[in-house]
Amino acid sequence: MNQHAFEIAGVSVESLREKYQTPLYVMDQSNIEAKCALFKQAFKHQTLNTEIIYASKAFLTVAMARLIDEQGLSLDVVSGGELYTAMKAKFPASKIYFHGNNKSDDEIIQALHYKVGHLVLDNPDEFKRLSRLIKPNESINVLIRINPGIEAHTHEYIKTTNHNSKFGMSIFSPEVIELIHQMKGHPNIHFNGFHSHIGSQIFESKAFMESAKVVLNFIKEVYEKTGVLAKVMNMGGGFGVVYTKDDQPIDLNLFFPELLDFIDKTSKSLKIDAPKILIEPGRAIVAEAGYTLYTVSNVKHTYGGKSYIFVDGSMADHIRTALYQATYDAVIPNRLDSHEKKVFTVTGKACESGDIIIKDILLPTPHENDILIVKSTGAYHYSMSSNYNRLLKPAVIFVKDGKSKLIVKRESYEDLIRNDII
């Protein structure tokens with residue numbers, strides 16, 4: 001097959017390489033829009049109020065923030081830089097949730113200045129600093145991040161709710177109750193509810209159901225001890241996506257109605273008003289929409305019997321394999337008809353033995369200048385890219401209906417040293 005014939009959203013990959021060079025991050029805009037529509041359609045209930053918040057750490061640019069706004073979703077940010085990006089995109093501040101376990105004074109002031117919809121407090125110290133920094137003419141809604149202690153089966157680095165997690169406060173600790181007592185009398189800081197997140201890339205629905213049950217019971221406990229009833233229950237994200245054929249995500253169209261019905265019934269059984277239910281998909285919206293295009297430099301066979309495909313990218317634009325031992329699928333478009341395949345490790349230019357893009361994948365032997373496409377790279381690739389070895393960050397484009405649009409320029413060497421003092 002000629003690689004000119006291989007298309008993403010109606011655009012040939014060869015034309016993309018000619019226009020934008022490689023490495024190149026390609027985002028299928030229609031795929032993102034379809035995922036947003038899926039969440040909006042599936043995550044609603046005849047009784048419960050719901051809200052969908054895009055977790056921007058997965059992938060955020062000015063263009064992406066605008067797209068999320070067009071799709072009618074809210075936005076989760078975790079740093080001053082993400083908030084600044086959202087503001088440059090003119091994203092409605094009232095629909096922004098500012099997370100993070102260690103916000104600086106400057107970030108808290110920034111959140112107050114822009115009048116974000118909610119600040120998610122990670123610990124009592126953040127409340128103390130917010131109380132010190134907030135001005136008499138300012139006000140803000142807050143959620144408290146709690147740790148329900150639910151064990152999700154996922155990679156150790158992306159578990160977020162074990163008892164030693166750096167995130168949030170354990171529901172088994174008295175400090176949550178103490179903190180709500182402190183908030184009750186504050187005229188400018190308004191406690192609205194709780195946020196929790198049990199991890200990422202989760203394929204089992206059971207953990208989400210158990211988390212909902214535990215948090216609802218905790219809401220009842222807090223109400224009994226403080227007289228304050230949480231109006232909001234943010235369940236976070238973590239919905240798994242397809243990276244390889246072995247991944248089997250939850251069917252969200254079936255799961256969400258079941259989850260919301262369960263929350264509704266549990267609230268009734270606890271005799272409390274059901275809170276508004278929020279979720280924060282990030283990876284689940286953008287991961288499968290993304291592709292990274294590389295150009296093959298050569299193939300190397302070692303004395304020890306290992307075979308490498310060298311491409312023009314590196315761990316600087318694809319860190320998740322080294323960081324999480326993540327697995328990916330890839331294709332070489334103009335070799336799709338080849339029946340002779342062997343096991344290769346796809347690696348790049350970084351001066352590290354750990355510079356692995358895909359470990360042990362069955363592919364046809366490529367030739368120099370072939371295009372290699374890594375699938376499902378829409379989440380945590382551009383957002384985690386770096387300039388290690390002073391490598392340049394790739395461009396990012398949206399593709400839709402046979403057209404491409406540049407949304408982030410490829411870095412130049414001048415960009416690389418723009419903050420250096422010369």
# chains A, B, ... in the order shown; residues from 1 in each chain; ligands from 1
>>> residues_around(residues="Val116 (chain A)", least_positions_apart="2", cutoff="9 Å", atoms="only C-alpha atoms", output="list in words")
Pro92, Ala93, Ser94, Lys95, Ile96, Tyr97, Phe98, Gln110, Ala111, Leu112, His113, Tyr114, His118, Leu119, Ile140 and Asn141 of chain A
>>> write_last_selection(atoms="N, CA and C atoms", output="compact mmCIF listing (two decimals), in the first residue's frame")
# COMPACT_ATOMS: atom_id res chain seq x y z
N PRO A 92 -15.04 30.24 29.76
CA PRO A 92 -15.80 30.83 30.87
C PRO A 92 -15.23 30.41 32.22
N ALA A 93 -14.76 31.38 33.00
CA ALA A 93 -14.12 31.07 34.27
C ALA A 93 -15.07 30.37 35.23
N SER A 94 -16.36 30.67 35.13
CA SER A 94 -17.33 30.06 36.04
C SER A 94 -17.44 28.55 35.84
N LYS A 95 -16.95 28.03 34.71
CA LYS A 95 -17.01 26.60 34.42
C LYS A 95 -15.65 25.92 34.63
N ILE A 96 -14.75 26.59 35.36
CA ILE A 96 -13.42 26.05 35.60
C ILE A 96 -13.31 25.55 37.04
N TYR A 97 -12.73 24.36 37.18
CA TYR A 97 -12.41 23.76 38.48
C TYR A 97 -10.89 23.72 38.60
N PHE A 98 -10.36 24.37 39.64
CA PHE A 98 -8.91 24.45 39.82
C PHE A 98 -8.47 23.43 40.86
N GLN A 110 -4.39 33.96 41.53
CA GLN A 110 -4.80 33.91 40.12
C GLN A 110 -6.23 33.37 40.00
N ALA A 111 -6.53 32.30 40.75
CA ALA A 111 -7.88 31.72 40.72
C ALA A 111 -8.91 32.72 41.22
N LEU A 112 -8.57 33.47 42.26
CA LEU A 112 -9.48 34.49 42.78
C LEU A 112 -9.64 35.63 41.79
N HIS A 113 -8.56 36.02 41.17
CA HIS A 113 -8.60 37.13 40.20
C HIS A 113 -9.50 36.80 39.01
N TYR A 114 -9.38 35.57 38.50
CA TYR A 114 -10.18 35.18 37.34
C TYR A 114 -11.59 34.73 37.71
N HIS A 118 -14.82 26.88 40.84
CA HIS A 118 -14.52 26.14 42.07
C HIS A 118 -13.02 25.98 42.24
N LEU A 119 -12.58 26.10 43.47
CA LEU A 119 -11.22 25.75 43.86
C LEU A 119 -11.31 24.46 44.65
N ILE A 140 -15.46 32.64 46.78
CA ILE A 140 -15.15 31.49 45.94
C ILE A 140 -15.83 30.24 46.47
N ASN A 141 -16.26 29.37 45.57
CA ASN A 141 -16.79 28.06 45.92
C ASN A 141 -15.64 27.06 46.00
>>> residues_around(residues="Arg129 (chain A)", least_positions_apart="5", cutoff="10 Å", atoms="only C-alpha atoms", output="PDB file with N, CA and C atoms, in the first residue's frame")
ATOM      1  N   LYS A 103      -0.952  24.027  45.562  1.00  0.00           N
ATOM      2  CA  LYS A 103      -1.102  25.310  44.861  1.00  0.00           C
ATOM      3  C   LYS A 103      -0.257  26.377  45.543  1.00  0.00           C
ATOM      4  N   SER A 104       0.384  27.185  44.760  1.00  0.00           N
ATOM      5  CA  SER A 104       1.165  28.291  45.307  1.00  0.00           C
ATOM      6  C   SER A 104       0.239  29.448  45.674  1.00  0.00           C
ATOM      7  N   ASP A 105       0.758  30.389  46.446  1.00  0.00           N
ATOM      8  CA  ASP A 105      -0.010  31.599  46.739  1.00  0.00           C
ATOM      9  C   ASP A 105      -0.394  32.315  45.454  1.00  0.00           C
ATOM     10  N   ILE A 108      -3.350  30.616  43.829  1.00  0.00           N
ATOM     11  CA  ILE A 108      -4.610  30.901  44.533  1.00  0.00           C
ATOM     12  C   ILE A 108      -5.085  32.309  44.217  1.00  0.00           C
ATOM     13  N   PRO A 124      -5.833  21.012  54.729  1.00  0.00           N
ATOM     14  CA  PRO A 124      -6.159  22.160  55.577  1.00  0.00           C
ATOM     15  C   PRO A 124      -5.266  23.372  55.347  1.00  0.00           C
ATOM     16  N   ILE A 134      -7.680  35.654  50.399  1.00  0.00           N
ATOM     17  CA  ILE A 134      -8.924  36.154  49.838  1.00  0.00           C
ATOM     18  C   ILE A 134      -9.244  37.538  50.409  1.00  0.00           C
TER      19      ILE A 134
END
>>> closest_atom_pairs(of="region 300-386 of chain A", to="region 392-409 of chain A", cutoff="12 Å", atoms="only C-alpha atoms", output="CSV")
residue,atom,partner,partner_atom,distance
A:Asp312,CA,A:Pro394,CA,10.6
A:Gly313,CA,A:Pro394,CA,8.8
A:Ser314,CA,A:Lys393,CA,10.3
A:Met315,CA,A:Lys393,CA,11.1
A:Ala316,CA,A:Lys393,CA,7.8
A:Asp317,CA,A:Lys393,CA,6.8
A:His318,CA,A:Lys393,CA,10.6
A:Lys349,CA,A:Leu392,CA,11.4
A:Ala350,CA,A:Leu392,CA,11.5
A:Thr377,CA,A:Val396,CA,11.6
A:Gly378,CA,A:Val396,CA,10.2
A:His381,CA,A:Pro394,CA,10.4
A:Tyr382,CA,A:Val396,CA,7.9
A:Ser383,CA,A:Lys393,CA,10.5
A:Met384,CA,A:Lys393,CA,10.4
A:Ser385,CA,A:Lys393,CA,6.8
A:Ser386,CA,A:Lys393,CA,6.8
>>> residues_around(residues="region 275-286 of chain A", least_positions_apart="6", cutoff="9 Å", atoms="only C-alpha atoms", output="ChimeraX atom specification")
/A:27-28,31-36,39,43,48-59,74-76,193,195,197,200-201,216,229-241,260,263,267,376-380
>>> write_last_selection(atoms="C-alpha atoms", output="short mmCIF file (atom, residue, chain, number, x, y, z; two decimals), in the first residue's frame")
data_model
loop_
_atom_site.label_atom_id
_atom_site.label_comp_id
_atom_site.auth_asym_id
_atom_site.auth_seq_id
_atom_site.Cartn_x
_atom_site.Cartn_y
_atom_site.Cartn_z
CA MET A 27 -5.53 15.05 16.63
CA ASP A 28 -8.70 13.84 14.93
CA ASN A 31 -13.18 11.88 17.18
CA ILE A 32 -12.85 14.35 20.06
CA GLU A 33 -16.25 15.83 19.27
CA ALA A 34 -17.81 12.36 19.12
CA LYS A 35 -16.37 11.46 22.52
CA CYS A 36 -17.71 14.69 24.03
CA PHE A 39 -20.30 11.64 27.49
CA PHE A 43 -23.94 10.84 31.59
CA LEU A 48 -29.86 13.75 39.20
CA ASN A 49 -28.07 16.88 38.05
CA THR A 50 -24.81 16.06 36.25
CA GLU A 51 -21.82 17.89 34.83
CA ILE A 52 -18.93 16.78 32.62
CA ILE A 53 -15.56 18.43 33.17
CA TYR A 54 -12.69 17.91 30.73
CA ALA A 55 -9.46 17.10 32.59
CA SER A 56 -7.16 19.39 30.65
CA LYS A 57 -3.89 17.89 31.89
CA ALA A 58 -4.42 15.15 29.29
CA PHE A 59 -4.06 17.64 26.44
CA SER A 74 -16.54 22.44 31.82
CA LEU A 75 -12.77 22.48 32.39
CA ASP A 76 -10.43 21.11 35.05
CA GLY A 193 -18.92 19.30 48.29
CA HIS A 195 -13.92 15.61 44.98
CA HIS A 197 -10.40 10.31 42.00
CA SER A 200 -6.51 6.23 35.72
CA GLN A 201 -6.89 3.74 32.89
CA LEU A 216 -22.25 9.00 49.66
CA LEU A 229 -24.83 18.63 53.41
CA ALA A 230 -22.57 18.42 50.37
CA LYS A 231 -24.27 19.64 47.20
CA VAL A 232 -21.60 18.29 44.83
CA MET A 233 -19.93 14.89 44.44
CA ASN A 234 -17.12 14.98 41.88
CA MET A 235 -16.08 11.41 41.05
CA GLY A 236 -13.05 12.34 38.95
CA GLY A 237 -12.15 10.38 35.83
CA GLY A 238 -10.00 7.36 35.09
CA PHE A 239 -12.11 5.66 32.40
CA GLY A 240 -9.83 3.35 30.43
CA VAL A 241 -9.17 3.63 26.69
CA LEU A 260 -26.37 7.20 38.19
CA ILE A 263 -26.29 6.94 43.19
CA SER A 267 -29.02 8.70 48.26
CA SER A 376 -3.73 6.54 20.73
CA THR A 377 -1.26 9.29 21.60
CA GLY A 378 -3.77 12.07 22.18
CA ALA A 379 -3.41 12.07 25.97
CA TYR A 380 -0.27 12.80 27.97
#
>>> residues_around(residues="Asp264 (chain A)", least_positions_apart="4", cutoff="9 Å", atoms="only C-alpha atoms", output="ChimeraX atom specification")
/A:47-48,259-260,268-269,274
>>> closest_residue(among="A:Glu138, A:Glu340, A:Glu210, A:Glu288", to="Ile109 (chain A)", atoms="only C-alpha atoms")
A:Glu138
>>> closest_residue(among="A:Tyr413, A:Val62, A:Ser205, A:Ile198", to="Leu254 (chain A)", atoms="only C-alpha atoms")
A:Ser205
>>> closest_residue(among="A:Thr347, A:Asn137, A:Thr295, A:Thr327", to="Asp370 (chain A)", atoms="only C-alpha atoms")
A:Thr295
>>> residues_around(residues="Lys128 (chain A)", least_positions_apart="2", cutoff="12 Å", atoms="only C-alpha atoms", output="JSON, numbers by chain")
{"A": [105, 108, 121, 122, 123, 124, 125, 126, 130, 131, 132, 133, 134, 179, 182, 183, 186, 189]}
>>> write_last_selection(atoms="C-alpha atoms", output="compact mmCIF listing (two decimals), in the first residue's frame")
# COMPACT_ATOMS: atom_id res chain seq x y z
CA ASP A 105 -0.01 31.60 46.74
CA ILE A 108 -4.61 30.90 44.53
CA LEU A 121 -8.78 22.20 48.31
CA ASP A 122 -6.36 19.35 48.89
CA ASN A 123 -5.56 19.87 52.57
CA PRO A 124 -6.16 22.16 55.58
CA ASP A 125 -3.10 24.27 54.78
CA GLU A 126 -4.66 25.32 51.47
CA LEU A 130 -6.91 30.80 50.89
CA SER A 131 -8.38 32.43 54.02
CA ARG A 132 -5.29 34.64 54.27
CA LEU A 133 -5.25 35.58 50.58
CA ILE A 134 -8.92 36.15 49.84
CA LEU A 179 -11.97 21.55 58.20
CA GLN A 182 -13.76 25.85 60.16
CA MET A 183 -15.38 26.68 56.82
CA HIS A 186 -16.39 31.91 56.65
CA ILE A 189 -15.39 30.72 51.18
>>> select_by_dssp(residues="region 152-332 of chain A", states="strand (DSSP E or B)", output="number ranges by chain")
A: 159, 169-170, 189-195, 199, 202, 232-234, 239, 276-279, 290-301, 307-311, 330-331
>>> closest_residue(among="A:Met209, A:Ile371, A:Leu323, A:Val120", to="Thr22 (chain A)", atoms="only C-alpha atoms")
A:Ile371
>>> atom_distance(atom1="CA of Asp420 (chain A)", atom2="CA of Ile319 (chain A)")
24.8 Å
>>> atom_distance(atom1="CA of Tyr324 (chain A)", atom2="CA of Ser79 (chain A)")
22.4 Å
>>> select_by_dssp(residues="region 321-383 of chain A", states="alpha helix (DSSP H)", output="ChimeraX atom specification")
/A:321-324
>>> atom_distance(atom1="CA of Glu7 (chain A)", atom2="CA of Arg320 (chain A)")
25.2 Å
